[in-house]
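K.L.:
Before I ask anything, let me first share the structure, which is written out below as structure tokens.
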Amino acid sequence: MGKTFTFIGLFLVLCLALLLAVVAGDYGPWYFAWMVGTVMIVLIAACGAIMLDNQRQNGNGEV
Amino acid sequence: MEVYVILKLVWAVLLGVLLSGLAVMVGMDMGVGTLLRFVGKTDAERRVALNIIGPHWDGNQVWFILGGGAIFAAFPTLYATSFSVFYVVMILLLFSMIMRPVAFEYRSKVETGKWRATWDWAFLISGALPMIVYGAAFGNVMQGVGYHYDWTGQYYQDESFIFYLLNPFALLCGVMSLALSIQQGGTMLMLRGEEPIFSRARAAAIWGGIIGVALFIVGGFWVAHLKGFAMTAPVNPGAPATPLTGQSVAPVVGAWMHNYAAYPLLWALPLLGVVGMLGAVLMNAARKPVIAWWLGAIGWVGAIFTTGASMFPFLMPSTTNPSQSLTVWNASGSAYNLGWMLLFALVFTPIIICYTSWCFYVMRGKVKMDYVTHDDHGY
Amino acid sequence: MPLIDPSVVDLSRLQFALTALYHFLFVPLTLGMTFLLAAMETVYVITGRQIYKEMTQFWGKLFAINFAIGVATGLTMEFEFGTNWSMYSHFVGDVFGTPLAIEGLMAFFMESTFIGLMFFGWDRLSRPGHLAVTWLTALGSNLSALWILIANGFMQSPKGASFNPDTMRLEFNSFLNLVFSEDAQAKFVHTSIAGFVTGALFVMGISAFYILRKQHREFAARSFRMAALFGVISSLAVVTLGDALGRLDYLVQPTKIAAVEGLWQDSDANGPAGAAAWLLFALPDQQAQANHFEIGVPYVLDPLIAHSFNTSIPGLITLEKQVGPRIQSGIQALDALKAYGQTHDPQALASFKAHESDMGYGFLAQRYAPNQDLGQITPANQDAVLAQAEKDTLPNVFVTFWSFRLMMALGFFFVGLFSFAAYYSLKNQLERHPFLLKLCVWSIPLPILACEFGWITAEAGRQPWSVFGWLPTFQAASSHNLGYMIFSLIGFAVLYSAFIAAELYLMFKYARLGPQPHLTGAPESSPSPMFAPAE
């Protein structure tokens, strides 16, 4: 039961994202670029930190 | 009725709601600021008092910003004219308002007595002064302001600002507004504070409420003898909004009571104000701050809507050219704009209420003395 | 109708410019830091490592010191439209006030409510709950910027409103045109990302300081890495968007772009348009309408501005000459409008409608009309009035030219700095390059400076207009007396100086202090990661 709700919830998020992408992509290409770009920038910064954690685990202690 | 007239009316009511929200929420924080030096004798007590509203002052302050923005959009001519004719007072209000966020954030970050004492004074000024100005603005507007427009819509001020600062009726309104803010702030301190803050705040809140209700009643009798303003010819409420043409107005003593004579049901508003304020006094005396907080809020709403109902449809009458007085009909935005704004208000107000309540819910409970000494996120 | 005392207008402009520039010292850092904090906390929630929580809290504390003044000085901005620009507020409030009100409803409430929870809710919210709060704060602060820049976009390129002669103001008529105005779009993204660069360099610079002093090593290495990656993409994006914005201005505000490039003659005046030089250095002279000591790079100007090799870009002298007929037509528009206001005569309305689009240019002529009354312009004195008014349509070229160049130079410097920083951080070789680290520390204030220059370019380049093509700045001010302005200016100077002193003192104090272990004594037990690796 809980899984069904999760799926319905994610489905709604997906629909919203698609709608946003279509509308924003049509009328406000720069706004759309900002949304995608900002999330990307944040995730890449996050990946960099996790990569550093891995480098430490592999024995590289330099800064 | 035309859609445009309905929109203007809706926004007039929403203006009242915003001014009430501002008075209740910002007034509460201002009250805490004013009382800070009196409810807190030691530094730790003062920090407790600050942390009671710490998580909320910023959100509450948005009522003030939203109030400004909504007047700008819904009644552009009112915004343009009132802020300029009250220039000196507005700038003073602004100076004290901008001191407050900085005081919150900076006060407890340095541990010298002089630094903290300076910011405590900043809290007092930035708590008391804006509330006096807020009330005095109502008092001044009720008596009319000296201004007129030329054909392009540029306003010209016709009297000195000294008049706005030293005017007995406006001062009465200012002190009343300060008293009510002390009531609301004191109640909030009781809600989330412990002894000894609780008892000190209680005394202040009770006195604030008593002074507030007394001045409210005195002000009511005073208004009956005040020079009000009345339309001398019928106006078309649905006409394009411009103060330049289409209106004839004359000053009439006691005109602010005409609406009450015409619609006796309106007496419910001042009654609501008195009941709210007195009820809050009694509940504070009975040590029931939650009920007192809500009654105090009702008192504010009653007071502000009483003013609005007595002046309706006037927003800011002009003493030097009464026919160019600003009213709900002639100072509003266009129908298209009011419609869009209403849509946004309808969508976002419930959301705002939801997350503001959630924020209060998450931060519920008493602020303890050891919180401020052991937690470095607080103020 | 007499015009407002020019010195009152100048002081009003001075006050607005100073308070806006001061406000803008703090805003970019807010825009960028909130998303950086969100990134750090995201890593904390995913990995469950305590160090990322400490990072979020420490940088959050520095952020809070900055945020308070940003909020406080933002209040000034909202009040000043009413207190100092009464005619402006009346004239465009119907369309300009709306984004400001929506900003309050949609963004500022969100940002301010959640920021309280962000600082106070650490022990009261679940980890994903607190992360959501941090993200919402970041989103809220950037949405705030969005609505403010939509409003500013309207001043730059008025879309979504039309003039109503019955109410004497511009009235809102298309929400979509206002919100999706290209100027607003590009402006928002450019400004928001410029904030990202500011935030990234702030975190990176202070981390570099710790690395240089061998303090808080692991903490600083992670902060540096995240900020460097955050910044390298942001700085590339900000340059791209700057180019987009320049091209838009070329289309809607040719005078601004000609002033930005110091272009007096058309770009094809001396040879083919494609060969025109892009100026690296010049001293523009407004009086002589020429540049001194030009140093330029040929074949760059045309592709840069018009994205083509054979488009002639109009120069300032040409633009000034073109405006004459519009001023003439604007005078007729205002005469007809005044007549319509008094008599509601349909003929006057028809005559106004014929010249409506030039109305704003008529205001420009008012300054030079006999007794400042447009009705007294006759065929005999018209040419003299036009000649003076035409000159007013050009912005201050020196200021626009240089503020743009400094902003751009800084922008490219950031791309370079972040590239090296990210490269050496990824290779874990930062300590081998102390010069780079020192450069990072010294560069902390530079993005803020670049933001300020960008703001000056945009606003000084729009002059003489307050709303481009509709309302000149000198017409938009409130008719105060001089004493009022002196009173408020002195007040702002005193208050704002005290604030900046307190801010810098605290900023240095807490940055030097560095991240501190919690006072609560016992270290919190490290919670398990959200997505635990398979065991």
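Letters A, B, ... go to the chains of the structure tokens in the order shown; residues in each chain start at 1; ligands are counted from 1 in the same order.
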With only C-alpha atoms considered, list every residue of chain C at most 6 Å from chain B, as an NGL selection string.
P.N.:
:C and (68-69 or 72 or 82-83 or 86-87 or 89-90 or 93-94 or 97-98 or 100-101 or 104 or 109 or 112-113 or 116 or 119 or 167 or 172 or 520)
K.L.:
Residues of chain C no more than 7 Å from chain A, counting only C-alpha atoms: send them over as a ChimeraX atom specification.
P.N.:
/C:35-36,39-40,43,180,185-186,189,221-222,225-227,229-230,233,428-431
K.L.:
Mind the document's chain letters and residue numbers, and return as a tab-separated table (two decimals) with N, CA and C atoms, in the first residue's frame the residues of region 181-366 of chain C that DSSP labels alpha helix (DSSP H).
P.N.:
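Wrote it out as selection.tsv, contents follow:
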```tsv
chain	number	residue	atom	x	y	z
C	182	GLU	N	11.85	39.05	-22.26
C	182	GLU	CA	13.20	38.51	-22.43
C	182	GLU	C	14.21	39.22	-21.54
C	183	ASP	N	14.00	40.52	-21.38
C	183	ASP	CA	14.93	41.27	-20.56
C	183	ASP	C	14.89	40.76	-19.12
C	184	ALA	N	13.66	40.54	-18.62
C	184	ALA	CA	13.52	40.04	-17.25
C	184	ALA	C	14.18	38.68	-17.11
C	185	GLN	N	13.96	37.82	-18.08
C	185	GLN	CA	14.52	36.46	-18.02
C	185	GLN	C	16.03	36.47	-17.94
C	186	ALA	N	16.64	37.14	-18.93
C	186	ALA	CA	18.10	37.11	-18.99
C	186	ALA	C	18.68	37.81	-17.77
C	187	LYS	N	18.00	38.89	-17.34
C	187	LYS	CA	18.49	39.66	-16.21
C	187	LYS	C	18.47	38.83	-14.93
C	188	PHE	N	17.37	38.09	-14.74
C	188	PHE	CA	17.28	37.27	-13.53
C	188	PHE	C	18.39	36.24	-13.51
C	189	VAL	N	18.54	35.51	-14.61
C	189	VAL	CA	19.51	34.42	-14.59
C	189	VAL	C	20.92	34.99	-14.41
C	190	HIS	N	21.21	36.08	-15.11
C	190	HIS	CA	22.53	36.71	-15.00
C	190	HIS	C	22.80	37.12	-13.55
C	191	THR	N	21.82	37.76	-12.92
C	191	THR	CA	22.02	38.27	-11.57
C	191	THR	C	22.11	37.14	-10.55
C	192	SER	N	21.21	36.18	-10.69
C	192	SER	CA	21.21	35.08	-9.74
C	192	SER	C	22.54	34.32	-9.80
C	193	ILE	N	23.00	34.04	-11.02
C	193	ILE	CA	24.24	33.28	-11.17
C	193	ILE	C	25.43	34.13	-10.73
C	194	ALA	N	25.35	35.44	-10.95
C	194	ALA	CA	26.43	36.30	-10.43
C	194	ALA	C	26.50	36.15	-8.92
C	195	GLY	N	25.32	35.99	-8.30
C	195	GLY	CA	25.29	35.73	-6.86
C	195	GLY	C	25.97	34.40	-6.52
C	196	PHE	N	25.75	33.39	-7.35
C	196	PHE	CA	26.40	32.10	-7.12
C	196	PHE	C	27.92	32.27	-7.12
C	197	VAL	N	28.41	33.05	-8.10
C	197	VAL	CA	29.85	33.27	-8.18
C	197	VAL	C	30.34	33.95	-6.90
C	198	THR	N	29.58	34.95	-6.44
C	198	THR	CA	29.96	35.68	-5.23
C	198	THR	C	30.04	34.74	-4.03
C	199	GLY	N	28.99	33.93	-3.88
C	199	GLY	CA	28.96	33.00	-2.75
C	199	GLY	C	30.09	32.00	-2.82
C	200	ALA	N	30.35	31.49	-4.03
C	200	ALA	CA	31.39	30.48	-4.20
C	200	ALA	C	32.76	31.06	-3.86
C	201	LEU	N	33.01	32.28	-4.32
C	201	LEU	CA	34.34	32.85	-4.07
C	201	LEU	C	34.51	33.20	-2.59
C	202	PHE	N	33.41	33.57	-1.95
C	202	PHE	CA	33.46	33.87	-0.52
C	202	PHE	C	33.88	32.63	0.26
C	203	VAL	N	33.19	31.51	0.00
C	203	VAL	CA	33.51	30.27	0.71
C	203	VAL	C	34.91	29.79	0.34
C	204	MET	N	35.23	29.89	-0.96
C	204	MET	CA	36.52	29.40	-1.43
C	204	MET	C	37.66	30.23	-0.84
C	205	GLY	N	37.48	31.54	-0.79
C	205	GLY	CA	38.52	32.43	-0.29
C	205	GLY	C	38.82	32.17	1.18
C	206	ILE	N	37.74	32.06	1.98
C	206	ILE	CA	37.97	31.84	3.42
C	206	ILE	C	38.57	30.45	3.64
C	207	SER	N	38.13	29.46	2.85
C	207	SER	CA	38.73	28.13	2.97
C	207	SER	C	40.21	28.18	2.61
C	208	ALA	N	40.54	28.95	1.58
C	208	ALA	CA	41.94	29.08	1.18
C	208	ALA	C	42.77	29.66	2.31
C	209	PHE	N	42.16	30.61	3.03
C	209	PHE	CA	42.82	31.22	4.18
C	209	PHE	C	43.16	30.16	5.23
C	210	TYR	N	42.20	29.25	5.51
C	210	TYR	CA	42.47	28.18	6.48
C	210	TYR	C	43.55	27.24	5.97
C	211	ILE	N	43.48	26.91	4.67
C	211	ILE	CA	44.47	25.98	4.11
C	211	ILE	C	45.87	26.59	4.22
C	212	LEU	N	45.95	27.88	3.92
C	212	LEU	CA	47.25	28.55	4.02
C	212	LEU	C	47.78	28.49	5.44
C	217	ARG	N	41.88	21.59	8.49
C	217	ARG	CA	42.32	21.12	7.19
C	217	ARG	C	41.23	20.41	6.38
C	218	GLU	N	40.63	19.39	6.99
C	218	GLU	CA	39.62	18.61	6.26
C	218	GLU	C	38.39	19.46	5.93
C	219	PHE	N	38.03	20.26	6.92
C	219	PHE	CA	36.90	21.16	6.76
C	219	PHE	C	37.13	22.09	5.57
C	220	ALA	N	38.31	22.68	5.53
C	220	ALA	CA	38.61	23.66	4.49
C	220	ALA	C	38.73	22.98	3.13
C	221	ALA	N	39.33	21.77	3.10
C	221	ALA	CA	39.51	21.11	1.81
C	221	ALA	C	38.15	20.82	1.17
C	222	ARG	N	37.19	20.35	1.99
C	222	ARG	CA	35.87	20.05	1.44
C	222	ARG	C	35.13	21.30	1.01
C	223	SER	N	35.21	22.34	1.86
C	223	SER	CA	34.52	23.58	1.50
C	223	SER	C	35.11	24.15	0.21
C	224	PHE	N	36.44	24.09	0.13
C	224	PHE	CA	37.11	24.64	-1.05
C	224	PHE	C	36.68	23.89	-2.30
C	225	ARG	N	36.68	22.56	-2.20
C	225	ARG	CA	36.32	21.74	-3.36
C	225	ARG	C	34.91	22.07	-3.84
C	226	MET	N	33.97	22.10	-2.89
C	226	MET	CA	32.58	22.35	-3.28
C	226	MET	C	32.43	23.74	-3.90
C	227	ALA	N	33.05	24.73	-3.25
C	227	ALA	CA	32.91	26.10	-3.75
C	227	ALA	C	33.57	26.25	-5.11
C	228	ALA	N	34.72	25.59	-5.31
C	228	ALA	CA	35.43	25.74	-6.58
C	228	ALA	C	34.61	25.15	-7.72
C	229	LEU	N	34.01	23.97	-7.48
C	229	LEU	CA	33.20	23.38	-8.54
C	229	LEU	C	31.93	24.20	-8.78
C	230	PHE	N	31.34	24.65	-7.67
C	230	PHE	CA	30.15	25.50	-7.77
C	230	PHE	C	30.48	26.74	-8.60
C	231	GLY	N	31.66	27.31	-8.33
C	231	GLY	CA	32.02	28.57	-8.96
C	231	GLY	C	32.43	28.42	-10.41
C	232	VAL	N	33.07	27.31	-10.76
C	232	VAL	CA	33.60	27.22	-12.12
C	232	VAL	C	32.44	27.17	-13.13
C	233	ILE	N	31.38	26.45	-12.78
C	233	ILE	CA	30.24	26.42	-13.71
C	233	ILE	C	29.51	27.75	-13.68
C	234	SER	N	29.32	28.29	-12.46
C	234	SER	CA	28.60	29.56	-12.35
C	234	SER	C	29.30	30.67	-13.12
C	235	SER	N	30.63	30.72	-13.02
C	235	SER	CA	31.31	31.84	-13.67
C	235	SER	C	31.22	31.71	-15.19
C	236	LEU	N	31.23	30.47	-15.69
C	236	LEU	CA	31.02	30.30	-17.13
C	236	LEU	C	29.61	30.75	-17.52
C	237	ALA	N	28.63	30.36	-16.69
C	237	ALA	CA	27.25	30.71	-17.00
C	237	ALA	C	27.04	32.21	-16.95
C	238	VAL	N	27.69	32.88	-16.02
C	238	VAL	CA	27.46	34.31	-15.87
C	238	VAL	C	27.99	35.06	-17.09
C	239	VAL	N	29.08	34.59	-17.65
C	239	VAL	CA	29.62	35.23	-18.85
C	239	VAL	C	28.69	35.00	-20.04
C	240	THR	N	28.19	33.77	-20.18
C	240	THR	CA	27.25	33.46	-21.26
C	240	THR	C	26.02	34.35	-21.19
C	241	LEU	N	25.45	34.45	-19.97
C	241	LEU	CA	24.24	35.23	-19.81
C	241	LEU	C	24.51	36.70	-20.04
C	242	GLY	N	25.70	37.15	-19.68
C	242	GLY	CA	26.06	38.54	-19.91
C	242	GLY	C	26.02	38.83	-21.40
C	243	ASP	N	26.50	37.91	-22.19
C	243	ASP	CA	26.47	38.08	-23.63
C	243	ASP	C	25.02	38.14	-24.12
C	244	ALA	N	24.15	37.26	-23.59
C	244	ALA	CA	22.75	37.27	-24.00
C	244	ALA	C	22.09	38.60	-23.67
C	245	LEU	N	22.42	39.10	-22.48
C	245	LEU	CA	21.83	40.35	-22.03
C	245	LEU	C	22.29	41.50	-22.90
C	246	GLY	N	23.57	41.49	-23.29
C	246	GLY	CA	24.10	42.53	-24.16
C	246	GLY	C	23.38	42.56	-25.49
C	247	ARG	N	23.12	41.36	-26.03
C	247	ARG	CA	22.44	41.30	-27.32
C	247	ARG	C	21.01	41.82	-27.20
C	248	LEU	N	20.35	41.50	-26.07
C	248	LEU	CA	18.99	42.01	-25.86
C	248	LEU	C	18.97	43.52	-25.78
C	249	ASP	N	19.94	44.07	-25.07
C	249	ASP	CA	20.00	45.52	-24.95
C	249	ASP	C	20.23	46.16	-26.30
C	250	TYR	N	21.02	45.48	-27.13
C	250	TYR	CA	21.25	46.00	-28.48
C	250	TYR	C	19.91	46.12	-29.21
C	251	LEU	N	19.01	45.18	-28.95
C	251	LEU	CA	17.71	45.20	-29.63
C	251	LEU	C	16.75	46.21	-29.02
C	252	VAL	N	16.72	46.32	-27.68
C	252	VAL	CA	15.71	47.21	-27.08
C	252	VAL	C	16.25	48.56	-26.62
C	254	PRO	N	19.26	50.59	-27.83
C	254	PRO	CA	20.49	50.81	-28.60
C	254	PRO	C	21.40	51.86	-27.99
C	255	THR	N	20.82	52.85	-27.29
C	255	THR	CA	21.69	53.88	-26.71
C	255	THR	C	22.58	53.29	-25.62
C	256	LYS	N	22.03	52.35	-24.86
C	256	LYS	CA	22.84	51.76	-23.78
C	256	LYS	C	24.02	51.00	-24.38
C	257	ILE	N	23.75	50.20	-25.41
C	257	ILE	CA	24.81	49.36	-25.94
C	257	ILE	C	25.86	50.21	-26.64
C	258	ALA	N	25.42	51.29	-27.31
C	258	ALA	CA	26.40	52.17	-27.95
C	258	ALA	C	27.27	52.84	-26.89
C	259	ALA	N	26.65	53.18	-25.74
C	259	ALA	CA	27.42	53.81	-24.67
C	259	ALA	C	28.37	52.81	-24.03
C	260	VAL	N	27.89	51.58	-23.86
C	260	VAL	CA	28.72	50.52	-23.28
C	260	VAL	C	29.97	50.32	-24.12
C	301	LEU	N	33.81	43.59	-32.45
C	301	LEU	CA	32.59	44.29	-32.03
C	301	LEU	C	31.32	43.68	-32.61
C	302	ASP	N	31.30	43.49	-33.92
C	302	ASP	CA	30.07	43.07	-34.58
C	302	ASP	C	29.61	41.67	-34.13
C	303	PRO	N	30.52	40.68	-34.19
C	303	PRO	CA	30.08	39.36	-33.72
C	303	PRO	C	29.67	39.37	-32.25
C	304	LEU	N	30.31	40.22	-31.45
C	304	LEU	CA	30.02	40.24	-30.02
C	304	LEU	C	28.62	40.80	-29.77
C	305	ILE	N	28.28	41.90	-30.40
C	305	ILE	CA	27.01	42.57	-30.12
C	305	ILE	C	25.87	41.99	-30.95
C	306	ALA	N	26.05	41.94	-32.25
C	306	ALA	CA	24.95	41.59	-33.13
C	306	ALA	C	24.99	40.11	-33.52
C	316	LEU	N	26.22	56.55	-31.26
C	316	LEU	CA	25.48	57.50	-30.43
C	316	LEU	C	25.06	58.75	-31.20
C	317	ILE	N	25.94	59.21	-32.10
C	317	ILE	CA	25.61	60.44	-32.84
C	317	ILE	C	24.39	60.21	-33.72
C	318	THR	N	24.36	59.06	-34.39
C	318	THR	CA	23.20	58.73	-35.22
C	318	THR	C	21.94	58.62	-34.37
C	319	LEU	N	22.06	57.91	-33.24
C	319	LEU	CA	20.90	57.70	-32.38
C	319	LEU	C	20.34	59.03	-31.88
C	320	GLU	N	21.28	59.95	-31.57
C	320	GLU	CA	20.83	61.25	-31.07
C	320	GLU	C	20.06	62.01	-32.15
C	321	LYS	N	20.55	61.92	-33.38
C	321	LYS	CA	19.86	62.64	-34.48
C	321	LYS	C	18.49	62.04	-34.75
C	322	GLN	N	18.41	60.69	-34.64
C	322	GLN	CA	17.14	60.03	-34.96
C	322	GLN	C	16.02	60.42	-34.02
C	324	GLY	N	15.12	63.32	-32.76
C	324	GLY	CA	14.48	64.61	-32.96
C	324	GLY	C	13.00	64.52	-33.31
C	325	PRO	N	12.65	63.80	-34.37
C	325	PRO	CA	11.23	63.70	-34.75
C	325	PRO	C	10.37	63.09	-33.65
C	326	ARG	N	10.95	62.19	-32.89
C	326	ARG	CA	10.15	61.57	-31.82
C	326	ARG	C	9.84	62.59	-30.73
C	327	ILE	N	10.81	63.45	-30.44
C	327	ILE	CA	10.56	64.48	-29.42
C	327	ILE	C	9.45	65.41	-29.91
C	328	GLN	N	9.55	65.78	-31.19
C	328	GLN	CA	8.55	66.66	-31.78
C	328	GLN	C	7.15	66.03	-31.65
C	329	SER	N	7.07	64.77	-32.00
C	329	SER	CA	5.81	64.06	-31.94
C	329	SER	C	5.34	63.92	-30.48
C	330	GLY	N	6.30	63.75	-29.58
C	330	GLY	CA	5.96	63.63	-28.16
C	330	GLY	C	5.36	64.91	-27.61
C	331	ILE	N	5.87	66.05	-28.08
C	331	ILE	CA	5.31	67.33	-27.63
C	331	ILE	C	3.84	67.41	-28.02
C	332	GLN	N	3.55	66.98	-29.25
C	332	GLN	CA	2.15	66.99	-29.70
C	332	GLN	C	1.31	66.05	-28.84
C	333	ALA	N	1.89	64.89	-28.51
C	333	ALA	CA	1.16	63.92	-27.69
C	333	ALA	C	0.79	64.52	-26.34
C	334	LEU	N	1.76	65.21	-25.71
C	334	LEU	CA	1.48	65.76	-24.37
C	334	LEU	C	0.49	66.91	-24.44
C	335	ASP	N	0.61	67.76	-25.49
C	335	ASP	CA	-0.35	68.85	-25.64
C	335	ASP	C	-1.77	68.29	-25.76
C	336	ALA	N	-1.90	67.24	-26.59
C	336	ALA	CA	-3.21	66.65	-26.79
C	336	ALA	C	-3.71	66.00	-25.50
C	337	LEU	N	-2.79	65.37	-24.77
C	337	LEU	CA	-3.18	64.68	-23.53
C	337	LEU	C	-3.67	65.68	-22.50
C	338	LYS	N	-2.98	66.82	-22.41
C	338	LYS	CA	-3.39	67.84	-21.44
C	338	LYS	C	-4.78	68.35	-21.80
C	339	ALA	N	-5.00	68.59	-23.08
C	339	ALA	CA	-6.31	69.06	-23.52
C	339	ALA	C	-7.38	68.01	-23.21
C	340	TYR	N	-7.05	66.76	-23.45
C	340	TYR	CA	-8.02	65.69	-23.19
C	340	TYR	C	-8.33	65.61	-21.69
C	341	GLY	N	-7.33	65.77	-20.86
C	341	GLY	CA	-7.54	65.72	-19.42
C	341	GLY	C	-8.50	66.79	-18.93
C	342	GLN	N	-8.47	67.97	-19.59
C	342	GLN	CA	-9.34	69.05	-19.13
C	342	GLN	C	-10.74	68.97	-19.73
C	343	THR	N	-10.83	68.52	-20.99
C	343	THR	CA	-12.13	68.62	-21.69
C	343	THR	C	-12.74	67.27	-22.05
C	346	PRO	N	-13.05	64.09	-27.62
C	346	PRO	CA	-12.61	62.91	-28.39
C	346	PRO	C	-11.57	63.25	-29.45
C	347	GLN	N	-11.62	64.48	-29.95
C	347	GLN	CA	-10.64	64.86	-30.98
C	347	GLN	C	-9.22	64.93	-30.40
C	348	ALA	N	-9.15	65.47	-29.18
C	348	ALA	CA	-7.85	65.52	-28.51
C	348	ALA	C	-7.33	64.11	-28.27
C	349	LEU	N	-8.25	63.21	-27.92
C	349	LEU	CA	-7.86	61.83	-27.66
C	349	LEU	C	-7.30	61.20	-28.93
C	350	ALA	N	-7.99	61.43	-30.05
C	350	ALA	CA	-7.52	60.88	-31.32
C	350	ALA	C	-6.13	61.41	-31.64
C	351	SER	N	-5.94	62.70	-31.42
C	351	SER	CA	-4.65	63.31	-31.71
C	351	SER	C	-3.57	62.72	-30.78
C	352	PHE	N	-3.94	62.47	-29.51
C	352	PHE	CA	-2.98	61.85	-28.60
C	352	PHE	C	-2.62	60.45	-29.06
C	353	LYS	N	-3.65	59.68	-29.45
C	353	LYS	CA	-3.42	58.30	-29.86
C	353	LYS	C	-2.43	58.24	-31.03
C	354	ALA	N	-2.51	59.23	-31.92
C	354	ALA	CA	-1.64	59.23	-33.09
C	354	ALA	C	-0.17	59.38	-32.68
C	355	HIS	N	0.08	60.04	-31.56
C	355	HIS	CA	1.46	60.29	-31.14
C	355	HIS	C	1.83	59.56	-29.86
C	359	MET	N	5.15	59.74	-26.45
C	359	MET	CA	4.80	60.59	-25.32
C	359	MET	C	5.98	60.87	-24.39
C	360	GLY	N	6.71	59.83	-24.04
C	360	GLY	CA	7.83	60.01	-23.11
C	360	GLY	C	8.85	61.01	-23.61
C	361	TYR	N	9.05	61.03	-24.93
C	361	TYR	CA	10.05	61.95	-25.49
C	361	TYR	C	9.60	63.40	-25.34
C	362	GLY	N	8.26	63.59	-25.29
C	362	GLY	CA	7.75	64.94	-25.06
C	362	GLY	C	8.18	65.47	-23.70
C	363	PHE	N	8.16	64.58	-22.67
C	363	PHE	CA	8.60	65.00	-21.33
C	363	PHE	C	10.02	65.54	-21.38
C	364	LEU	N	10.87	64.92	-22.24
C	364	LEU	CA	12.27	65.34	-22.31
C	364	LEU	C	12.39	66.80	-22.73
C	365	ALA	N	11.44	67.23	-23.60
C	365	ALA	CA	11.54	68.59	-24.12
C	365	ALA	C	11.12	69.63	-23.09
C	366	GLN	N	10.33	69.16	-22.09
C	366	GLN	CA	9.75	70.10	-21.14
C	366	GLN	C	10.78	70.96	-20.43
```
K.L.:
What parts of region 56-279 of chain B does DSSP call strand (DSSP E)? I'd like the answer as a ChimeraX atom specification.
P.N.:
/B:147-149,155-157,227-231,249-253
K.L.:
Take CA of Leu36 (chain B) and CA of Ala23 (chain B) and report the distance between them in Å, one decimal.
P.N.:
18.7 Å
K.L.:
Compile the contact shell of Gly276 (chain B) as JSON, numbers by chain: residues with an atom at most 6 Å away, counting only C-alpha atoms, same-chain residues fewer than 4 positions apart removed.
P.N.:
{"B": [272, 295, 296, 298, 299]}
K.L.:
Return the single residue from B:Ile125, B:Val274, B:Met257, B:Ile182 that is closest to Arg200 (chain B), with distances computed using only C-alpha atoms.
P.N.:
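Closest to Arg200 (chain B) of all the choices is B:Ile182.
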K.L.:
Would you mind reading off the distance between CA of Arg367 (chain C) and CA of Ala458 (chain C), one decimal, in Å?
P.N.:
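Those two atoms sit 24.6 Å apart.
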K.L.:
From the list B:Pro289, B:Gly135, B:Pro130, B:Pro251, which residue is nearest Ile304 (chain B) when using only C-alpha atoms?
P.N.:
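Going through B:Pro289, B:Gly135, B:Pro130, B:Pro251 one by one, the smallest distance to Ile304 (chain B) is for B:Gly135.
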